[in-house]
Every structure is written in C-alpha cells, then in structure tokens.
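Everything on this sheet refers to the single structure shown next.
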Amino acid sequence: MATTWLLTRETDEPRADAIVVPCVETKVLPWPFSARSAPGERVGVRGCELTLFTSAKSVAAWVGSNRPPLQKVAALRPATSSELEKHGITPDITAEGGVVALAHAIRAWCNFPVHFRYPTSNAGLDSPEQAEAIDLLSGIGKVDRRVAYEVTAPAGLRESLQGAAKGDWAISFASPSAVHHFFAARAVITSAPKEAACLGASTVRAWNDRRPKDWPEASPLTEKVAS
C-alpha cells in the first residue's frame, strides 16, 4: 500500500499521494513598529537599527502596512529572504537553520551597537529558540520583539486528523506551531507515521520533543520539497 502524506501548511496544495490537513491558521496583523525609531531608541552615531525577518508572515505584515522604511535587515534563507527580495529588499545578513543560527551570523557581522526589531508570532513569544537567540543578541543591543501575526489551531482539527491519519501515512510540518497544534488536538491515531518531515531546526526539535517513543524522529525537509 502506498504511503499517504498529510500536508499541514495553510498553503499546501493537494497531490495524488497526499491529503491537506492544515494544522495552523494565521492572521497577519498590522506592522507593530513605527516607521522610524522612537526618540531615545537610537543607539548612537555608530549604531543602527536591524530588523529580523524569520518567516514569510512577518514579511507579509510589513508589506501589508505599506512597507515602512527599514534600515538594516537580517533574514532566514531561503524562503524568508526570497520573500523580501520579491519586494525589493536584499537582506544584509542571512543564515539557514533557524533564528539561533541567524543570531550567530548577526554577532559575527556586528562590531557596533544595534537596536533590534524582531516581528514574530504570538506562539513565538514562548519559543525556546527565540529565547536563546535573544540571549545572544542582547549582548550587543536591545531586542524589541513584537507580535506581527497570530497563529491558532483550525476548528475541527481533531476530527480532520482522525479521518486522515490512517493506514500507511506520513506527515510534513513547516513550523513548530503546526507540530504543537497537531499534538494538542489529541486525535485518536492508532498507527505511527512512516515518516515525519520537518522544515527548519526548530520544527524538527518540536516534533522530536513531543513524539511518542515508537514514532520516528523527524527528517529534514527542504523548502524546495515543501513548496
């Protein structure tokens, strides 16, 4: 019997071997920062303001608010940096592997004071990876983290998963939030997935931390495959 893949992103499209079961709904909010730094926030003549973009949804919040001016920009690649480039922004700093890797790249790049602006999701505020990244960045500047989009679990997720996770099945995730919603749904699933593919280090960690012991560890998923 062929394995049926469960695709959990909002943007996933059906395939012959797959069922789309979104595990996250996203609401993009207005850009949470002023167009320019407020009085007293600038860090001196040698300092700069650097905005961290770690998801396409944070880019969408910026675009949806008429693309207010940015100074320096850091972004995860390939997906987020590519989304910025569509709108004429070439990031000054990029990194693969999640926000902690990006924070390390920023520290290697910076030799002057920085005021960081970090648009994120409501779920991201509780992310261990973000906490680690902020610890790294706070040594060279103030980190102003604000919610630019909200993520929630779709209505009826439990029933959708119970109807789809049957027989020989596998599942892919593109965010830690989708993994958390999957397990929080507490669907009655009687067989382990053949495979779990996750996009990004934080998503891999979210799956491996929560999976039952007899379920497979996550395998990495590239953005090319995920798209």
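Going through the structure tokens in order, the chains are called A, B, and so on, while each chain numbers its residues from 1 and the ligands are numbered from 1 in the order shown.
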Q: Excluding Glu150 (chain A) and residues on its chain fewer than 3 positions from it, collect all residues at most 10 Å away from it, counting only C-alpha atoms, and give them as number ranges by chain.
A: A: 24-29, 57, 120-124, 147
Can those selected residues be exported to a file as a PDB file, in the first residue's frame so that it contains N, CA and C atoms?
ATOM      1  N   VAL A  24      -2.501  24.787  11.223  1.00  0.00           N
ATOM      2  CA  VAL A  24      -2.304  26.140  11.711  1.00  0.00           C
ATOM      3  C   VAL A  24      -3.094  27.110  10.842  1.00  0.00           C
ATOM      4  N   GLU A  25      -3.698  28.095  11.475  1.00  0.00           N
ATOM      5  CA  GLU A  25      -4.311  29.220  10.784  1.00  0.00           C
ATOM      6  C   GLU A  25      -3.571  30.480  11.203  1.00  0.00           C
ATOM      7  N   THR A  26      -3.334  31.364  10.244  1.00  0.00           N
ATOM      8  CA  THR A  26      -2.545  32.557  10.518  1.00  0.00           C
ATOM      9  C   THR A  26      -3.343  33.813  10.217  1.00  0.00           C
ATOM     10  N   LYS A  27      -3.250  34.783  11.105  1.00  0.00           N
ATOM     11  CA  LYS A  27      -3.838  36.100  10.898  1.00  0.00           C
ATOM     12  C   LYS A  27      -2.707  37.123  10.934  1.00  0.00           C
ATOM     13  N   VAL A  28      -2.471  37.760   9.805  1.00  0.00           N
ATOM     14  CA  VAL A  28      -1.429  38.777   9.738  1.00  0.00           C
ATOM     15  C   VAL A  28      -1.951  40.070  10.362  1.00  0.00           C
ATOM     16  N   LEU A  29      -1.155  40.674  11.229  1.00  0.00           N
ATOM     17  CA  LEU A  29      -1.524  41.891  11.939  1.00  0.00           C
ATOM     18  C   LEU A  29      -0.813  43.097  11.327  1.00  0.00           C
ATOM     19  N   LYS A  57       5.415  35.299   6.967  1.00  0.00           N
ATOM     20  CA  LYS A  57       4.281  36.020   7.551  1.00  0.00           C
ATOM     21  C   LYS A  57       4.712  37.352   8.146  1.00  0.00           C
ATOM     22  N   THR A 120       7.376  38.810  15.273  1.00  0.00           N
ATOM     23  CA  THR A 120       7.193  37.372  15.438  1.00  0.00           C
ATOM     24  C   THR A 120       5.716  37.066  15.620  1.00  0.00           C
ATOM     25  N   SER A 121       5.418  35.833  15.974  1.00  0.00           N
ATOM     26  CA  SER A 121       4.034  35.419  16.204  1.00  0.00           C
ATOM     27  C   SER A 121       3.750  35.347  17.697  1.00  0.00           C
ATOM     28  N   ASN A 122       2.480  35.229  18.037  1.00  0.00           N
ATOM     29  CA  ASN A 122       2.112  35.034  19.437  1.00  0.00           C
ATOM     30  C   ASN A 122       2.738  33.754  19.988  1.00  0.00           C
ATOM     31  N   ALA A 123       2.809  32.714  19.162  1.00  0.00           N
ATOM     32  CA  ALA A 123       3.419  31.460  19.605  1.00  0.00           C
ATOM     33  C   ALA A 123       4.925  31.611  19.772  1.00  0.00           C
ATOM     34  N   GLY A 124       5.536  32.453  18.949  1.00  0.00           N
ATOM     35  CA  GLY A 124       6.976  32.632  19.019  1.00  0.00           C
ATOM     36  C   GLY A 124       7.456  33.227  20.325  1.00  0.00           C
ATOM     37  N   VAL A 147       4.543  41.216  18.317  1.00  0.00           N
ATOM     38  CA  VAL A 147       3.730  40.266  17.551  1.00  0.00           C
ATOM     39  C   VAL A 147       3.261  40.914  16.246  1.00  0.00           C
TER      40      VAL A 147
END
Q: Could you give me, as a PyMOL selection string, the residues within 12 Å of Pro119 (chain A), counting only C-alpha atoms and dropping anything in the same chain fewer than 3 positions from it?
A: chain A and resi 28-33+50-62+73-75+116+122-125+130+143-150
Please, which residues of chain A, numbered as in this document, come out helix (DSSP H, G or I) from DSSP, as an mmCIF file with C-alpha atoms, in the first residue's frame?
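The result, written out as states.cif:
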data_model
loop_
_atom_site.group_PDB
_atom_site.id
_atom_site.type_symbol
_atom_site.label_atom_id
_atom_site.label_comp_id
_atom_site.auth_asym_id
_atom_site.auth_seq_id
_atom_site.Cartn_x
_atom_site.Cartn_y
_atom_site.Cartn_z
ATOM 1 C CA ALA A 56 7.193 34.961 5.320
ATOM 2 C CA LYS A 57 4.281 36.020 7.551
ATOM 3 C CA SER A 58 6.382 38.701 9.205
ATOM 4 C CA VAL A 59 7.243 39.962 5.726
ATOM 5 C CA ALA A 60 3.512 39.974 4.922
ATOM 6 C CA ALA A 61 2.847 42.179 7.967
ATOM 7 C CA TRP A 62 5.458 44.660 6.750
ATOM 8 C CA VAL A 63 4.112 44.627 3.188
ATOM 9 C CA GLY A 64 0.513 44.960 4.379
ATOM 10 C CA ALA A 79 12.147 31.226 1.987
ATOM 11 C CA THR A 80 12.071 34.446 4.030
ATOM 12 C CA SER A 81 14.973 36.120 2.253
ATOM 13 C CA SER A 82 13.389 35.257 -1.110
ATOM 14 C CA GLU A 83 10.097 36.808 0.019
ATOM 15 C CA LEU A 84 11.893 40.036 0.930
ATOM 16 C CA GLU A 85 13.692 40.090 -2.397
ATOM 17 C CA LYS A 86 10.326 39.947 -4.181
ATOM 18 C CA VAL A 99 16.786 32.022 14.410
ATOM 19 C CA VAL A 100 19.668 30.868 16.622
ATOM 20 C CA ALA A 101 21.858 30.423 13.537
ATOM 21 C CA LEU A 102 20.762 33.881 12.382
ATOM 22 C CA ALA A 103 21.684 35.371 15.756
ATOM 23 C CA HIS A 104 25.168 33.870 15.498
ATOM 24 C CA ALA A 105 25.535 35.338 11.992
ATOM 25 C CA ILE A 106 24.477 38.757 13.281
ATOM 26 C CA ARG A 107 27.002 38.641 16.106
ATOM 27 C CA ALA A 108 29.737 37.784 13.597
ATOM 28 C CA TRP A 109 28.635 40.701 11.394
ATOM 29 C CA ALA A 123 3.419 31.460 19.605
ATOM 30 C CA GLY A 124 6.976 32.632 19.019
ATOM 31 C CA LEU A 125 6.981 34.566 22.274
ATOM 32 C CA ASP A 126 7.233 31.237 24.115
ATOM 33 C CA PRO A 128 12.940 28.279 23.384
ATOM 34 C CA GLU A 129 14.827 29.032 20.151
ATOM 35 C CA GLN A 130 13.768 32.671 20.259
ATOM 36 C CA ALA A 131 14.779 32.931 23.905
ATOM 37 C CA GLU A 132 18.217 31.562 23.035
ATOM 38 C CA ALA A 133 18.540 33.957 20.106
ATOM 39 C CA ILE A 134 17.565 36.936 22.253
ATOM 40 C CA ASP A 135 20.188 35.967 24.830
ATOM 41 C CA LEU A 136 22.796 36.007 22.062
ATOM 42 C CA LEU A 137 21.666 39.345 20.645
ATOM 43 C CA LEU A 157 -8.540 19.715 13.643
ATOM 44 C CA ARG A 158 -9.028 16.653 15.845
ATOM 45 C CA GLU A 159 -11.687 15.196 13.556
ATOM 46 C CA SER A 160 -9.654 16.015 10.422
ATOM 47 C CA LEU A 161 -6.598 14.210 11.758
ATOM 48 C CA GLN A 162 -8.583 11.164 12.868
ATOM 49 C CA GLY A 163 -10.012 10.877 9.379
ATOM 50 C CA ALA A 164 -6.663 11.278 7.621
ATOM 51 C CA PRO A 176 6.713 24.425 15.393
ATOM 52 C CA SER A 177 3.187 25.836 15.839
ATOM 53 C CA ALA A 178 1.772 23.264 13.445
ATOM 54 C CA VAL A 179 3.508 20.485 15.402
ATOM 55 C CA HIS A 180 2.156 21.784 18.708
ATOM 56 C CA HIS A 181 -1.383 22.033 17.326
ATOM 57 C CA PHE A 182 -1.120 18.500 15.925
ATOM 58 C CA PHE A 183 -0.357 17.016 19.331
ATOM 59 C CA ALA A 184 -2.667 19.359 21.242
ATOM 60 C CA ALA A 201 15.650 23.175 13.031
ATOM 61 C CA SER A 202 13.011 24.484 15.441
ATOM 62 C CA THR A 203 10.299 22.402 13.775
ATOM 63 C CA VAL A 204 12.473 19.291 13.930
ATOM 64 C CA ARG A 205 13.041 19.921 17.631
ATOM 65 C CA ALA A 206 9.319 20.474 18.282
ATOM 66 C CA TRP A 207 8.470 17.109 16.699
ATOM 67 C CA ASN A 208 11.281 15.165 18.359
ATOM 68 C CA ASP A 209 10.448 16.613 21.773
ATOM 69 C CA ARG A 210 6.761 15.638 21.588
ATOM 70 C CA GLU A 223 11.926 24.439 1.206
ATOM 71 C CA LYS A 224 12.058 23.141 -2.379
ATOM 72 C CA VAL A 225 10.365 19.903 -1.328
ATOM 73 C CA ALA A 226 7.955 21.681 0.999
#
Q: Apply DSSP to the structure's backbone, then extract all residues of region 51-216 of chain A labelled strand (DSSP E or B) and return them as a ChimeraX atom specification.
A: /A:51-53,72-76,93-95,114-121,141-152,169-173,196-198
Q. Skipping near chain neighbours, those fewer than 5 positions away, what residues fall within 7 Å of Pro220 (chain A) using only C-alpha atoms, listed as a list in words?
A. Ala197, Cys198 and Leu199 of chain A
Atoms kept (N, CA, C and O atoms) for selection, written as an mmCIF file, in the first residue's frame:
data_model
loop_
_atom_site.group_PDB
_atom_site.id
_atom_site.type_symbol
_atom_site.label_atom_id
_atom_site.label_comp_id
_atom_site.auth_asym_id
_atom_site.auth_seq_id
_atom_site.Cartn_x
_atom_site.Cartn_y
_atom_site.Cartn_z
ATOM 1 N N ALA A 197 8.514 14.640 8.272
ATOM 2 C CA ALA A 197 9.468 15.546 7.640
ATOM 3 C C ALA A 197 9.182 16.965 8.119
ATOM 4 O O ALA A 197 8.043 17.418 8.078
ATOM 5 N N CYS A 198 10.222 17.654 8.582
ATOM 6 C CA CYS A 198 10.038 18.975 9.195
ATOM 7 C C CYS A 198 10.968 20.002 8.561
ATOM 8 O O CYS A 198 12.146 19.724 8.318
ATOM 9 N N LEU A 199 10.415 21.190 8.338
ATOM 10 C CA LEU A 199 11.177 22.287 7.737
ATOM 11 C C LEU A 199 11.747 23.167 8.845
ATOM 12 O O LEU A 199 11.004 23.773 9.612
#
(Q) From the options A:Cys23, A:Val114, A:Lys213, A:Ile89, which residue's atoms come nearest to Ala185 (chain A), counting only C-alpha atoms? (A)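 Among A:Cys23, A:Val114, A:Lys213, A:Ile89, it is A:Cys23 that comes nearest to Ala185 (chain A).
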(Q) So the first atom is CA of Glu195 (chain A) and the second is CA of Trp5 (chain A); what is the distance between them in Å, to one decimal place? (A)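 A separation of 8.9 Å between them.
CA of Ala95 (chain A) sits 19.6 Å away from CA of Cys48 (chain A).
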